[in-house]
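Raw contents of query.txt, compact mmCIF, C-alpha atoms (C1' of nucleotides):
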```
# COMPACT_ATOMS: atom_id res chain seq x y z
CA MET A 244 -18.36 -116.22 4.68
CA ASP A 245 -20.41 -118.01 7.27
CA VAL A 246 -22.77 -116.45 9.78
CA ARG A 247 -20.25 -116.74 12.61
CA THR A 248 -17.77 -114.58 10.70
CA ILE A 249 -20.48 -112.08 9.82
CA CYS A 250 -21.48 -111.78 13.48
CA LEU A 251 -17.86 -111.29 14.54
CA GLY A 252 -17.46 -108.54 11.98
CA ILE A 253 -20.48 -106.65 13.18
CA LEU A 254 -19.34 -106.96 16.78
CA THR A 255 -16.02 -105.31 15.91
CA ARG A 256 -18.12 -102.14 15.48
CA GLY A 257 -19.67 -102.38 18.92
CA ASP A 258 -21.62 -104.61 21.28
CA ALA A 259 -25.01 -105.87 20.16
CA THR A 260 -27.75 -108.39 20.85
CA GLY A 261 -28.71 -111.03 18.31
CA TYR A 262 -31.78 -109.01 17.53
CA GLU A 263 -29.76 -105.86 16.86
CA ILE A 264 -27.38 -107.73 14.57
CA LYS A 265 -30.31 -108.83 12.46
CA LYS A 266 -31.75 -105.31 12.41
CA LEU A 267 -28.46 -103.92 11.11
CA PHE A 268 -29.02 -105.88 7.92
CA GLU A 269 -32.51 -104.52 7.49
CA ASP A 270 -32.12 -100.88 8.45
CA ASP A 271 -28.59 -99.71 7.89
CA GLY A 272 -26.10 -99.71 5.11
CA TYR A 273 -25.09 -103.31 5.71
CA GLN A 274 -28.09 -104.91 4.19
CA HIS A 275 -27.60 -105.31 0.50
CA PHE A 276 -25.01 -107.97 -0.12
CA VAL A 277 -24.91 -109.78 3.20
CA GLU A 278 -27.67 -111.25 5.29
CA ALA A 279 -28.41 -113.76 8.01
CA SER A 280 -31.55 -115.03 9.67
CA PHE A 281 -32.39 -115.42 13.34
CA GLY A 282 -32.30 -119.15 12.84
CA SER A 283 -28.58 -118.94 12.16
CA ILE A 284 -27.60 -115.87 14.19
CA TYR A 285 -28.61 -117.22 17.60
CA PRO A 286 -26.85 -120.59 17.26
CA ALA A 287 -23.82 -118.78 15.80
CA LEU A 288 -23.57 -116.49 18.84
CA ASN A 289 -23.87 -119.45 21.20
CA ARG A 290 -21.08 -121.24 19.44
CA LEU A 291 -18.89 -118.14 19.30
CA THR A 292 -19.38 -117.82 23.06
CA ASP A 293 -18.37 -121.45 23.62
CA GLU A 294 -15.29 -120.90 21.49
CA GLY A 295 -14.31 -117.78 23.41
CA TYR A 296 -14.58 -115.39 20.46
CA VAL A 297 -17.33 -113.38 22.09
CA SER A 298 -18.53 -112.79 25.65
CA VAL A 299 -22.09 -112.25 26.84
CA ARG A 300 -23.58 -110.20 29.58
CA ALA A 301 -27.23 -110.71 30.37
CA GLU A 302 -29.04 -107.48 31.08
CA SER A 303 -32.07 -108.60 32.97
CA GLN A 304 -35.10 -106.50 32.32
CA GLU A 305 -38.25 -106.46 34.34
CA LYS A 306 -40.94 -108.69 32.93
CA ARG A 307 -39.03 -109.34 29.72
CA PRO A 308 -36.55 -111.96 28.61
CA ASP A 309 -32.96 -111.00 29.34
CA ARG A 310 -31.19 -108.92 26.75
CA LYS A 311 -28.05 -110.87 25.93
CA VAL A 312 -25.49 -108.32 24.88
CA TYR A 313 -22.52 -109.78 23.03
CA SER A 314 -19.01 -108.31 22.91
CA ILE A 315 -16.11 -109.48 20.80
CA THR A 316 -13.04 -110.68 22.71
CA PRO A 317 -9.43 -109.97 21.66
CA THR A 318 -9.24 -113.59 20.43
CA GLY A 319 -12.39 -113.05 18.42
CA ARG A 320 -10.99 -109.93 16.85
CA SER A 321 -7.80 -111.71 15.75
CA GLN A 322 -9.87 -114.58 14.46
CA PHE A 323 -12.02 -112.22 12.42
CA ILE A 324 -9.05 -110.41 10.90
CA ALA A 325 -7.43 -113.77 10.14
CA SER A 326 -10.53 -114.84 8.26
CA LEU A 327 -10.29 -111.70 6.11
CA LEU A 328 -6.72 -112.56 5.24
CA LYS A 329 -7.73 -115.94 3.85
CA PRO A 330 -9.10 -116.14 0.29
CA LEU A 331 -12.71 -114.96 0.22
CA PRO A 332 -15.55 -117.19 -1.00
CA GLU A 333 -16.96 -116.06 -4.33
CA ASP A 334 -20.12 -114.02 -4.72
CA ARG A 335 -23.33 -115.88 -5.07
CA HIS A 336 -26.13 -114.09 -6.85
CA ARG A 337 -29.38 -116.05 -7.07
CA SER A 338 -32.10 -114.47 -9.15
CA PRO A 339 -35.41 -116.27 -9.62
CA PHE A 340 -36.40 -113.34 -11.84
CA VAL A 341 -33.49 -113.88 -14.22
CA PHE A 342 -34.23 -117.60 -14.31
CA ALA A 343 -37.87 -116.90 -15.12
CA MET A 344 -36.86 -114.65 -18.02
CA LEU A 345 -35.23 -117.67 -19.66
CA PHE A 346 -38.73 -119.09 -19.99
CA ALA A 347 -40.57 -115.97 -21.11
CA ASP A 348 -41.66 -117.82 -24.25
CA LEU A 349 -43.75 -120.20 -22.12
CA LEU A 350 -45.67 -117.41 -20.40
CA PRO A 351 -48.34 -114.91 -21.38
CA THR A 352 -47.01 -111.44 -22.19
CA SER A 353 -48.99 -109.99 -19.33
CA ARG A 354 -47.15 -112.20 -16.82
CA VAL A 355 -43.75 -111.26 -18.23
CA SER A 356 -44.65 -107.58 -18.03
CA GLY A 357 -45.88 -108.11 -14.48
CA MET A 358 -42.61 -109.76 -13.47
CA LEU A 359 -40.65 -106.90 -14.99
CA ASN A 360 -42.75 -104.30 -13.20
CA THR A 361 -42.42 -106.07 -9.86
CA TYR A 362 -38.68 -106.53 -10.23
CA ILE A 363 -38.07 -102.95 -11.38
CA ASP A 364 -40.10 -101.78 -8.43
CA GLN A 365 -38.09 -103.88 -5.96
CA VAL A 366 -34.76 -102.68 -7.31
CA GLY A 367 -36.02 -99.12 -7.26
CA GLN A 368 -36.91 -99.51 -3.59
CA LYS A 369 -33.51 -100.88 -2.73
CA LEU A 370 -31.92 -97.93 -4.50
CA ALA A 371 -34.16 -95.47 -2.65
CA HIS A 372 -33.28 -97.18 0.63
CA LEU A 373 -29.57 -96.79 -0.09
CA ASN A 374 -30.02 -93.13 -0.87
CA GLU A 375 -31.99 -92.52 2.32
CA HIS A 376 -29.25 -93.94 4.50
CA ASN A 377 -26.56 -91.97 2.73
CA ASP A 378 -25.61 -89.63 5.54
CA ALA A 379 -22.40 -88.15 6.83
CA SER A 380 -22.14 -90.67 9.67
CA GLN A 381 -21.10 -93.42 7.28
CA SER A 382 -17.60 -94.79 7.53
CA GLY A 383 -15.37 -94.95 4.47
CA GLY A 384 -16.19 -98.61 4.01
CA GLU A 385 -19.90 -97.97 4.23
CA LYS A 386 -19.72 -95.17 1.67
CA PHE A 387 -17.81 -97.40 -0.72
CA VAL A 388 -20.27 -100.24 -0.30
CA SER A 389 -23.24 -97.91 -0.77
CA GLY A 390 -21.70 -96.64 -3.98
CA PHE A 391 -21.18 -100.20 -5.14
CA GLY A 392 -24.82 -101.02 -4.48
CA ARG A 393 -26.03 -97.93 -6.27
CA ALA A 394 -23.87 -98.73 -9.31
CA VAL A 395 -25.33 -102.22 -9.56
CA TYR A 396 -28.95 -101.18 -9.05
CA VAL A 397 -28.73 -98.29 -11.50
CA ALA A 398 -27.20 -100.60 -14.12
CA ILE A 399 -30.06 -103.07 -13.67
CA LEU A 400 -32.72 -100.40 -13.94
CA ASP A 401 -31.07 -98.92 -17.04
CA PHE A 402 -30.80 -102.30 -18.71
CA LEU A 403 -34.36 -103.33 -17.98
CA THR A 404 -35.80 -100.00 -19.08
CA ALA A 405 -33.87 -100.15 -22.33
CA HIS A 406 -34.46 -103.82 -23.14
CA ARG A 407 -37.72 -104.93 -21.61
CA ALA A 408 -39.55 -104.74 -24.92
CA GLU A 409 -37.29 -107.47 -26.33
CA ILE A 410 -38.32 -110.01 -23.72
CA GLU A 411 -41.94 -108.97 -23.73
CA GLU A 412 -42.15 -110.10 -27.35
CA GLN A 413 -40.81 -113.61 -26.68
CA GLN A 414 -44.04 -115.54 -26.40
CA SER A 415 -44.52 -118.57 -28.58
CA ALA A 416 -47.89 -119.13 -30.20
CA GLN A 417 -49.33 -121.48 -27.58
CA ALA A 418 -48.25 -119.42 -24.59
CA ALA A 419 -49.80 -116.25 -25.96
CA GLU A 420 -53.33 -117.54 -25.53
CA MET B 565 -37.04 -120.93 -6.58
CA ASP B 566 -36.02 -124.34 -5.31
CA VAL B 567 -33.82 -126.86 -7.06
CA ARG B 568 -36.80 -128.97 -8.13
CA THR B 569 -38.26 -126.03 -10.05
CA ILE B 570 -34.89 -125.24 -11.60
CA CYS B 571 -34.54 -128.84 -12.82
CA LEU B 572 -38.04 -128.80 -14.26
CA GLY B 573 -37.27 -125.61 -16.15
CA ILE B 574 -34.14 -127.01 -17.71
CA LEU B 575 -35.96 -130.18 -18.71
CA THR B 576 -38.55 -128.11 -20.63
CA ARG B 577 -35.68 -127.44 -23.05
CA GLY B 578 -34.88 -131.11 -23.59
CA ASP B 579 -34.03 -134.35 -21.85
CA ALA B 580 -30.95 -134.46 -19.69
CA THR B 581 -29.10 -136.43 -17.02
CA GLY B 582 -28.39 -134.95 -13.60
CA TYR B 583 -24.82 -134.47 -14.66
CA GLU B 584 -25.83 -132.56 -17.79
CA ILE B 585 -28.13 -130.30 -15.78
CA LYS B 586 -25.22 -129.32 -13.58
CA LYS B 587 -22.98 -128.76 -16.60
CA LEU B 588 -25.50 -126.38 -18.14
CA PHE B 589 -24.88 -124.02 -15.23
CA GLU B 590 -21.13 -124.14 -15.72
CA ASP B 591 -20.79 -124.04 -19.47
CA ASP B 592 -23.73 -122.32 -21.06
CA GLY B 593 -25.60 -119.08 -20.65
CA TYR B 594 -27.55 -120.33 -17.66
CA GLN B 595 -24.80 -120.07 -15.16
CA HIS B 596 -24.69 -116.57 -13.79
CA PHE B 597 -27.70 -116.03 -11.60
CA VAL B 598 -28.88 -119.57 -10.95
CA GLU B 599 -27.02 -122.59 -9.68
CA ALA B 600 -27.45 -125.93 -8.00
CA SER B 601 -25.08 -128.59 -6.72
CA PHE B 602 -25.07 -132.34 -7.32
CA GLY B 603 -25.98 -132.78 -3.69
CA SER B 604 -29.32 -131.14 -4.35
CA ILE B 605 -29.90 -132.05 -8.02
CA TYR B 606 -29.91 -135.83 -7.60
CA PRO B 607 -32.35 -135.93 -4.69
CA ALA B 608 -34.52 -133.35 -6.52
CA LEU B 609 -34.74 -135.56 -9.62
CA ASN B 610 -35.64 -138.59 -7.51
CA ARG B 611 -38.40 -136.70 -5.83
CA LEU B 612 -39.69 -135.25 -9.11
CA THR B 613 -39.82 -138.80 -10.46
CA ASP B 614 -41.80 -140.00 -7.43
CA GLU B 615 -44.22 -137.11 -7.88
CA GLY B 616 -44.72 -137.88 -11.57
CA TYR B 617 -43.30 -134.59 -12.85
CA VAL B 618 -40.46 -136.27 -14.71
CA SER B 619 -39.84 -139.73 -16.11
CA VAL B 620 -36.54 -141.59 -16.29
CA ARG B 621 -35.11 -144.00 -18.78
CA ALA B 622 -31.92 -145.80 -17.84
CA GLU B 623 -29.54 -146.09 -20.73
CA SER B 624 -27.29 -148.91 -19.69
CA GLN B 625 -23.75 -148.52 -20.88
CA GLU B 626 -21.10 -151.19 -20.93
CA LYS B 627 -18.83 -151.07 -17.91
CA ARG B 628 -20.26 -147.79 -16.68
CA PRO B 629 -23.06 -146.81 -14.39
CA ASP B 630 -26.37 -146.35 -16.18
CA ARG B 631 -27.02 -142.97 -17.66
CA LYS B 632 -30.35 -141.89 -16.19
CA VAL B 633 -31.96 -139.63 -18.74
CA TYR B 634 -34.81 -137.52 -17.37
CA SER B 635 -37.75 -136.17 -19.38
CA ILE B 636 -40.41 -133.77 -18.20
CA THR B 637 -43.98 -135.08 -18.24
CA PRO B 638 -47.04 -133.02 -19.25
CA THR B 639 -47.91 -132.76 -15.55
CA GLY B 640 -44.41 -131.54 -14.84
CA ARG B 641 -44.66 -128.92 -17.55
CA SER B 642 -47.95 -127.54 -16.16
CA GLN B 643 -46.46 -127.58 -12.68
CA PHE B 644 -43.44 -125.60 -13.87
CA ILE B 645 -45.53 -122.98 -15.65
CA ALA B 646 -47.78 -122.73 -12.59
CA SER B 647 -44.73 -122.02 -10.44
CA LEU B 648 -43.77 -119.14 -12.76
CA LEU B 649 -47.24 -117.66 -12.37
CA LYS B 650 -46.85 -117.45 -8.59
CA PRO B 651 -44.94 -114.52 -7.07
CA LEU B 652 -41.20 -115.05 -7.47
CA PRO B 653 -38.83 -115.17 -4.49
CA GLU B 654 -36.57 -112.13 -4.27
CA ASP B 655 -33.00 -112.03 -5.48
CA ARG B 656 -30.33 -112.95 -3.03
CA HIS B 657 -26.89 -111.53 -3.67
CA ARG B 658 -24.26 -112.63 -1.16
CA SER B 659 -20.90 -110.99 -1.51
CA PRO B 660 -18.12 -111.81 0.93
CA PHE B 661 -16.03 -109.25 -0.96
CA VAL B 662 -18.49 -106.43 -0.27
CA PHE B 663 -18.70 -107.48 3.36
CA ALA B 664 -14.91 -107.45 3.62
CA MET B 665 -14.76 -103.92 2.19
CA LEU B 666 -16.74 -102.73 5.23
CA PHE B 667 -13.71 -103.68 7.30
CA ALA B 668 -10.99 -102.28 5.07
CA ASP B 669 -9.82 -100.10 7.94
CA LEU B 670 -8.83 -103.22 9.92
CA LEU B 671 -6.63 -104.59 7.14
CA PRO B 672 -3.29 -103.70 5.60
CA THR B 673 -3.55 -101.75 2.36
CA SER B 674 -1.84 -104.56 0.49
CA ARG B 675 -4.59 -106.99 1.48
CA VAL B 676 -7.34 -104.60 0.40
CA SER B 677 -5.61 -104.09 -2.95
CA GLY B 678 -5.23 -107.85 -3.30
CA MET B 679 -8.93 -108.39 -2.66
CA LEU B 680 -9.80 -105.75 -5.23
CA ASN B 681 -7.49 -107.29 -7.82
CA THR B 682 -8.87 -110.77 -7.25
CA TYR B 683 -12.46 -109.60 -7.39
CA ILE B 684 -11.95 -107.48 -10.51
CA ASP B 685 -10.27 -110.47 -12.12
CA GLN B 686 -13.17 -112.79 -11.27
CA VAL B 687 -15.79 -110.40 -12.59
CA GLY B 688 -13.71 -109.87 -15.72
CA GLN B 689 -13.63 -113.63 -16.28
CA LYS B 690 -17.38 -113.92 -15.89
CA LEU B 691 -17.82 -111.14 -18.40
CA ALA B 692 -15.44 -112.81 -20.84
CA HIS B 693 -17.30 -116.07 -20.40
CA LEU B 694 -20.60 -114.39 -21.23
CA ASN B 695 -19.10 -112.85 -24.33
CA GLU B 696 -17.67 -116.20 -25.51
CA HIS B 697 -21.03 -117.90 -25.34
CA ASN B 698 -22.77 -115.08 -27.13
CA ASP B 699 -23.61 -116.90 -30.34
CA ALA B 700 -26.54 -116.92 -32.74
CA SER B 701 -27.94 -120.16 -31.29
CA GLN B 702 -29.18 -118.35 -28.19
CA SER B 703 -32.90 -118.04 -27.63
CA GLY B 704 -34.47 -114.66 -26.99
CA GLY B 705 -34.52 -115.36 -23.27
CA GLU B 706 -30.87 -116.31 -23.23
CA LYS B 707 -29.86 -113.16 -25.11
CA PHE B 708 -31.80 -111.03 -22.67
CA VAL B 709 -30.24 -112.75 -19.67
CA SER B 710 -26.75 -112.47 -21.17
CA GLY B 711 -27.31 -108.76 -21.68
CA PHE B 712 -28.47 -108.43 -18.09
CA GLY B 713 -25.34 -110.16 -16.84
CA ARG B 714 -23.08 -108.01 -18.97
CA ALA B 715 -24.77 -104.83 -17.72
CA VAL B 716 -24.21 -105.85 -14.10
CA TYR B 717 -20.60 -106.95 -14.56
CA VAL B 718 -19.64 -103.86 -16.56
CA ALA B 719 -21.18 -101.63 -13.91
CA ILE B 720 -19.17 -103.39 -11.19
CA LEU B 721 -15.91 -103.11 -13.11
CA ASP B 722 -16.53 -99.44 -13.86
CA PHE B 723 -17.32 -98.65 -10.26
CA LEU B 724 -14.32 -100.48 -8.85
CA THR B 725 -11.93 -98.98 -11.36
CA ALA B 726 -13.20 -95.49 -10.61
CA HIS B 727 -13.42 -95.79 -6.82
CA ARG B 728 -10.86 -98.33 -5.64
CA ALA B 729 -8.47 -95.64 -4.48
CA GLU B 730 -11.02 -94.44 -1.93
CA ILE B 731 -11.16 -97.77 -0.14
CA GLU B 732 -7.45 -98.42 -0.45
CA GLU B 733 -6.87 -95.36 1.74
CA GLN B 734 -9.12 -96.54 4.54
CA GLN B 735 -6.59 -98.08 6.88
CA SER B 736 -6.48 -96.91 10.45
CA ALA B 737 -3.12 -96.37 12.06
CA GLN B 738 -2.83 -99.75 13.76
CA ALA B 739 -3.86 -101.79 10.74
CA ALA B 740 -1.35 -100.10 8.48
CA GLU B 741 1.59 -101.73 10.22
C1' DT C 972 -59.20 -99.97 24.28
C1' DC C 973 -58.00 -103.26 21.02
C1' DG C 974 -55.24 -104.87 17.55
C1' DA C 975 -50.88 -104.36 15.18
C1' DT C 976 -46.27 -103.85 15.46
C1' DC C 977 -42.01 -104.03 18.05
C1' DT C 978 -38.45 -105.99 21.14
C1' DA C 979 -36.17 -110.31 22.13
C1' DT C 980 -34.81 -115.17 22.30
C1' DA C 981 -35.13 -119.76 20.69
C1' DT C 982 -35.97 -124.22 18.15
C1' DC C 983 -37.54 -127.52 14.48
C1' DG C 984 -37.88 -129.15 9.92
C1' DG C 985 -36.41 -128.80 5.60
C1' DA C 986 -33.48 -127.16 1.85
C1' DC C 987 -29.12 -126.81 0.20
C1' DC C 988 -23.92 -127.14 -0.27
C1' DT C 989 -19.29 -129.29 0.45
C1' DA C 990 -16.71 -133.04 0.59
C1' DT C 991 -16.24 -137.55 -0.35
C1' DA C 992 -16.73 -142.28 -2.52
C1' DT C 993 -16.81 -144.99 -6.63
C1' DA C 994 -15.20 -146.23 -11.29
C1' DG C 995 -14.09 -146.67 -15.90
C1' DA C 996 -12.84 -143.54 -20.11
C1' DT C 997 -10.18 -140.29 -22.29
C1' DG C 998 -6.59 -137.16 -23.25
C1' DC C 999 -2.20 -135.14 -22.73
C1' DA C 1000 2.50 -134.50 -21.18
C1' DG C 1001 6.79 -136.39 -20.58
C1' DC D 160 3.71 -145.38 -24.40
C1' DT D 161 2.69 -144.80 -19.86
C1' DG D 162 1.04 -142.68 -16.02
C1' DC D 163 -1.55 -138.75 -14.15
C1' DA D 164 -5.18 -135.62 -14.53
C1' DT D 165 -9.51 -134.74 -16.06
C1' DC D 166 -14.03 -136.14 -17.55
C1' DT D 167 -18.42 -138.72 -17.34
C1' DA D 168 -21.84 -140.21 -13.98
C1' DT D 169 -24.35 -141.26 -9.73
C1' DA D 170 -24.85 -141.03 -4.89
C1' DT D 171 -24.67 -139.97 0.23
C1' DA D 172 -23.31 -138.06 4.83
C1' DG D 173 -22.46 -134.08 7.53
C1' DG D 174 -23.07 -129.62 8.31
C1' DT D 175 -24.89 -124.84 7.44
C1' DC D 176 -28.50 -121.99 6.80
C1' DC D 177 -33.32 -120.31 6.18
C1' DG D 178 -38.42 -120.08 7.03
C1' DA D 179 -41.89 -120.83 10.09
C1' DT D 180 -43.33 -120.96 14.46
C1' DA D 181 -43.66 -120.22 19.60
C1' DT D 182 -43.51 -117.13 23.44
C1' DA D 183 -44.48 -112.72 25.75
C1' DG D 184 -44.73 -108.29 27.37
C1' DA D 185 -44.37 -103.20 25.48
C1' DT D 186 -45.78 -99.59 22.76
C1' DC D 187 -48.41 -97.02 19.63
C1' DG D 188 -52.01 -95.59 16.75
C1' DA D 189 -57.02 -95.89 15.37
```
Taking this structure as input, can you express it in the form of structure tokens?
Amino acid sequence: MDVRTICLGILTRGDATGYEIKKLFEDDGYQHFVEASFGSIYPALNRLTDEGYVSVRAESQEKRPDRKVYSITPTGRSQFIASLLKPLPEDRHRSPFVFAMLFADLLPTSRVSGMLNTYIDQVGQKLAHLNEHNDASQSGGEKFVSGFGRAVYVAILDFLTAHRAEIEEQQSAQAAE
Amino acid sequence: MDVRTICLGILTRGDATGYEIKKLFEDDGYQHFVEASFGSIYPALNRLTDEGYVSVRAESQEKRPDRKVYSITPTGRSQFIASLLKPLPEDRHRSPFVFAMLFADLLPTSRVSGMLNTYIDQVGQKLAHLNEHNDASQSGGEKFVSGFGRAVYVAILDFLTAHRAEIEEQQSAQAAE
DNA sequence: TCGATCTATATCGGACCTATATAGATGCAG
DNA sequence: CTGCATCTATATAGGTCCGATATAGATCGA
């Protein structure tokens, strides 16, 4: 699922600038299991334009850089749907926190507790964010995806609350100093 | 959490070749929330060697390329622990499946059901894999991380089983053809 | 009114992954 | 018992993507 495909998908829901595409990941319901940076969005949109999958219109604004508003073309739409009919790449979940827990025995208890607190806090915020944006305007897909996110985050919080004591006791003698 | 740090961490548990480091992600309990490819592991080990964080001994084998066995140095060990004391990068969970569900209305029901079946199958396999490698030899950290993985996978399976019907009914008129 | 944040585009360097090349060993199916 | 697939093992090239940075005027709150 490369950035070009992600951009095409978002443009099926309406025209947008590169900036707005990025904001969708941060503000709305899209954000939790897909992301892309400016450094890949802008080149992706240029290439999609070259390939004829999107069109641009430059809205010139006084004393500001042009707003480049992108629209998906019929070709782009077919291309996007075709990409959803091909086998999907697998999920990729990278968690520096989980990796760090494998080495809890090398760290002072206070650091392990700190990591747990920070992580629990972050997941709690993501959950709160999902709940905030849980309004009636959501499409069926968005509701489903929100529910998915909530299920995952709640499971993580439950597990960590129930089992954090086990990992907080993992220090070996020399790390406990 | 870059690949160099990941390699250092694994080498705190014992010497290994680049190949063995990669295999640890595939076979053992490490695999679910951390990964690295050969294309990044080999350059990482070279650079760690240059920096003095690991040492290599080449075990020459008859009619085979040398096995390059890497060991972490005391400097490398301090460096690794120092990196765990710094703030951790946030989790990054990319899910093409979740992204695709946002566009269920553009797809035929059969394709949405197929995606769900494939995804449920993959998560089920990951869960089974975690359960297989759940033996007494695991360290405290590994047990904790296995439990974390199980909690996440079970939550996903429960959610999808309970809510798949909602997304399977999302097709708009033109996509249902 | 001054600084911070926001809108908006863009590029560079570096990190990382995928695919590929090489090559002998081993194991299994026919 | 033979041939094909898989495994051990290292390595690189090409391409994708992210993080940091640059630019620059607008807006908003202290």
As a PDB file with C-alpha atoms, in the frame of the given file, could you give me every residue of chain B near chain D (at most 9 Å apart, counting all atoms listed in the file)?
```pdb
ATOM      1  CA  THR B 581     -29.100-136.430 -17.020  1.00  0.00           C
ATOM      2  CA  GLY B 582     -28.390-134.950 -13.600  1.00  0.00           C
ATOM      3  CA  TYR B 583     -24.820-134.470 -14.660  1.00  0.00           C
ATOM      4  CA  GLY B 603     -25.980-132.780  -3.690  1.00  0.00           C
ATOM      5  CA  TYR B 606     -29.910-135.830  -7.600  1.00  0.00           C
ATOM      6  CA  ARG B 628     -20.260-147.790 -16.680  1.00  0.00           C
ATOM      7  CA  PRO B 629     -23.060-146.810 -14.390  1.00  0.00           C
ATOM      8  CA  ASP B 630     -26.370-146.350 -16.180  1.00  0.00           C
ATOM      9  CA  ARG B 631     -27.020-142.970 -17.660  1.00  0.00           C
ATOM     10  CA  LYS B 632     -30.350-141.890 -16.190  1.00  0.00           C
TER      11      LYS B 632
END
```
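In this model, the gap between atom CA of A:Ser326 and atom CA of B:Pro660 comes to 11.0 Å.
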With 8 Å as the limit and counting only C-alpha atoms, what residues in chain B lie close to chain A? Please list them as an mmCIF file with C-alpha atoms, in the frame of the given file.
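Generated output (selection.cif):
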```cif
data_model
loop_
_atom_site.group_PDB
_atom_site.id
_atom_site.type_symbol
_atom_site.label_atom_id
_atom_site.label_comp_id
_atom_site.auth_asym_id
_atom_site.auth_seq_id
_atom_site.Cartn_x
_atom_site.Cartn_y
_atom_site.Cartn_z
ATOM 1 C CA MET B 565 -37.040 -120.930 -6.580
ATOM 2 C CA GLY B 573 -37.270 -125.610 -16.150
ATOM 3 C CA TYR B 594 -27.550 -120.330 -17.660
ATOM 4 C CA HIS B 596 -24.690 -116.570 -13.790
ATOM 5 C CA PHE B 597 -27.700 -116.030 -11.600
ATOM 6 C CA VAL B 598 -28.880 -119.570 -10.950
ATOM 7 C CA GLU B 599 -27.020 -122.590 -9.680
ATOM 8 C CA ILE B 645 -45.530 -122.980 -15.650
ATOM 9 C CA LEU B 648 -43.770 -119.140 -12.760
ATOM 10 C CA LEU B 649 -47.240 -117.660 -12.370
ATOM 11 C CA LEU B 652 -41.200 -115.050 -7.470
ATOM 12 C CA PRO B 653 -38.830 -115.170 -4.490
ATOM 13 C CA GLU B 654 -36.570 -112.130 -4.270
ATOM 14 C CA ASP B 655 -33.000 -112.030 -5.480
ATOM 15 C CA ARG B 656 -30.330 -112.950 -3.030
ATOM 16 C CA HIS B 657 -26.890 -111.530 -3.670
ATOM 17 C CA ARG B 658 -24.260 -112.630 -1.160
ATOM 18 C CA SER B 659 -20.900 -110.990 -1.510
ATOM 19 C CA PRO B 660 -18.120 -111.810 0.930
ATOM 20 C CA PHE B 661 -16.030 -109.250 -0.960
ATOM 21 C CA VAL B 662 -18.490 -106.430 -0.270
ATOM 22 C CA PHE B 663 -18.700 -107.480 3.360
ATOM 23 C CA ALA B 664 -14.910 -107.450 3.620
ATOM 24 C CA MET B 665 -14.760 -103.920 2.190
ATOM 25 C CA LEU B 666 -16.740 -102.730 5.230
ATOM 26 C CA PHE B 667 -13.710 -103.680 7.300
ATOM 27 C CA ALA B 668 -10.990 -102.280 5.070
ATOM 28 C CA ASP B 669 -9.820 -100.100 7.940
ATOM 29 C CA LEU B 670 -8.830 -103.220 9.920
ATOM 30 C CA LEU B 671 -6.630 -104.590 7.140
ATOM 31 C CA ARG B 675 -4.590 -106.990 1.480
ATOM 32 C CA GLY B 704 -34.470 -114.660 -26.990
ATOM 33 C CA GLY B 705 -34.520 -115.360 -23.270
ATOM 34 C CA GLU B 706 -30.870 -116.310 -23.230
ATOM 35 C CA PHE B 708 -31.800 -111.030 -22.670
ATOM 36 C CA VAL B 709 -30.240 -112.750 -19.670
ATOM 37 C CA GLY B 711 -27.310 -108.760 -21.680
ATOM 38 C CA PHE B 712 -28.470 -108.430 -18.090
ATOM 39 C CA ALA B 715 -24.770 -104.830 -17.720
ATOM 40 C CA VAL B 716 -24.210 -105.850 -14.100
ATOM 41 C CA ALA B 719 -21.180 -101.630 -13.910
ATOM 42 C CA ILE B 720 -19.170 -103.390 -11.190
ATOM 43 C CA PHE B 723 -17.320 -98.650 -10.260
ATOM 44 C CA LEU B 724 -14.320 -100.480 -8.850
ATOM 45 C CA HIS B 727 -13.420 -95.790 -6.820
ATOM 46 C CA GLU B 730 -11.020 -94.440 -1.930
ATOM 47 C CA ILE B 731 -11.160 -97.770 -0.140
ATOM 48 C CA GLN B 734 -9.120 -96.540 4.540
#
```
Exercise. Which value, in Å to one decimal, gives the distance between atom CA of B:Lys587 and atom CA of B:Lys690?
Worked result: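 Computed distance, atom CA of B:Lys587 to atom CA of B:Lys690, equals 15.9 Å.
Between atom CA of A:Thr404 and atom CA of A:Leu370 lies a distance of 15.2 Å.
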Problem set entry | Minimum-distance residue to chain A, chosen among C:DC999, C:DA979, C:DA994, C:DG984 (using only C-alpha atoms (C1' of nucleotides)) |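 Looking only at the distances to chain A, the closest residue turns out to be C:DA979.
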Could you please select, counting all atoms listed in the file, the residues of chain C within 12 Å of chain A and state them as a PDB file with C-alpha atoms (C1' of nucleotides), keeping the file's coordinate frame?
```pdb
ATOM      1  C1'  DC C 977     -42.010-104.030  18.050  1.00  0.00           C
ATOM      2  C1'  DT C 978     -38.450-105.990  21.140  1.00  0.00           C
ATOM      3  C1'  DA C 979     -36.170-110.310  22.130  1.00  0.00           C
ATOM      4  C1'  DT C 980     -34.810-115.170  22.300  1.00  0.00           C
ATOM      5  C1'  DA C 981     -35.130-119.760  20.690  1.00  0.00           C
ATOM      6  C1'  DT C 982     -35.970-124.220  18.150  1.00  0.00           C
ATOM      7  C1'  DC C 983     -37.540-127.520  14.480  1.00  0.00           C
ATOM      8  C1'  DG C 984     -37.880-129.150   9.920  1.00  0.00           C
TER       9       DG C 984
END
```
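Taking all atoms listed in the file into account, those protein, DNA and RNA residues with any atom at most 12 Å away from (-46.2, -132.6, -20.6) amount to Leu572, Leu575, Thr576, Arg577, Gly578, Gly616, Tyr617, Val618, Ser619, Ser635, Ile636, Thr637, Pro638, Thr639, Gly640, Arg641, Ser642, Gln643, Phe644 and Ile645 of chain B.
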For this session: Extract, using only C-alpha atoms (C1' of nucleotides), all DNA, RNA and protein residues at most 8 Å from B:Ala608, discarding same-chain residues fewer than 2 positions from it, and format them as number ranges by chain.
Result: B: 567-568, 571, 604-606, 610-612
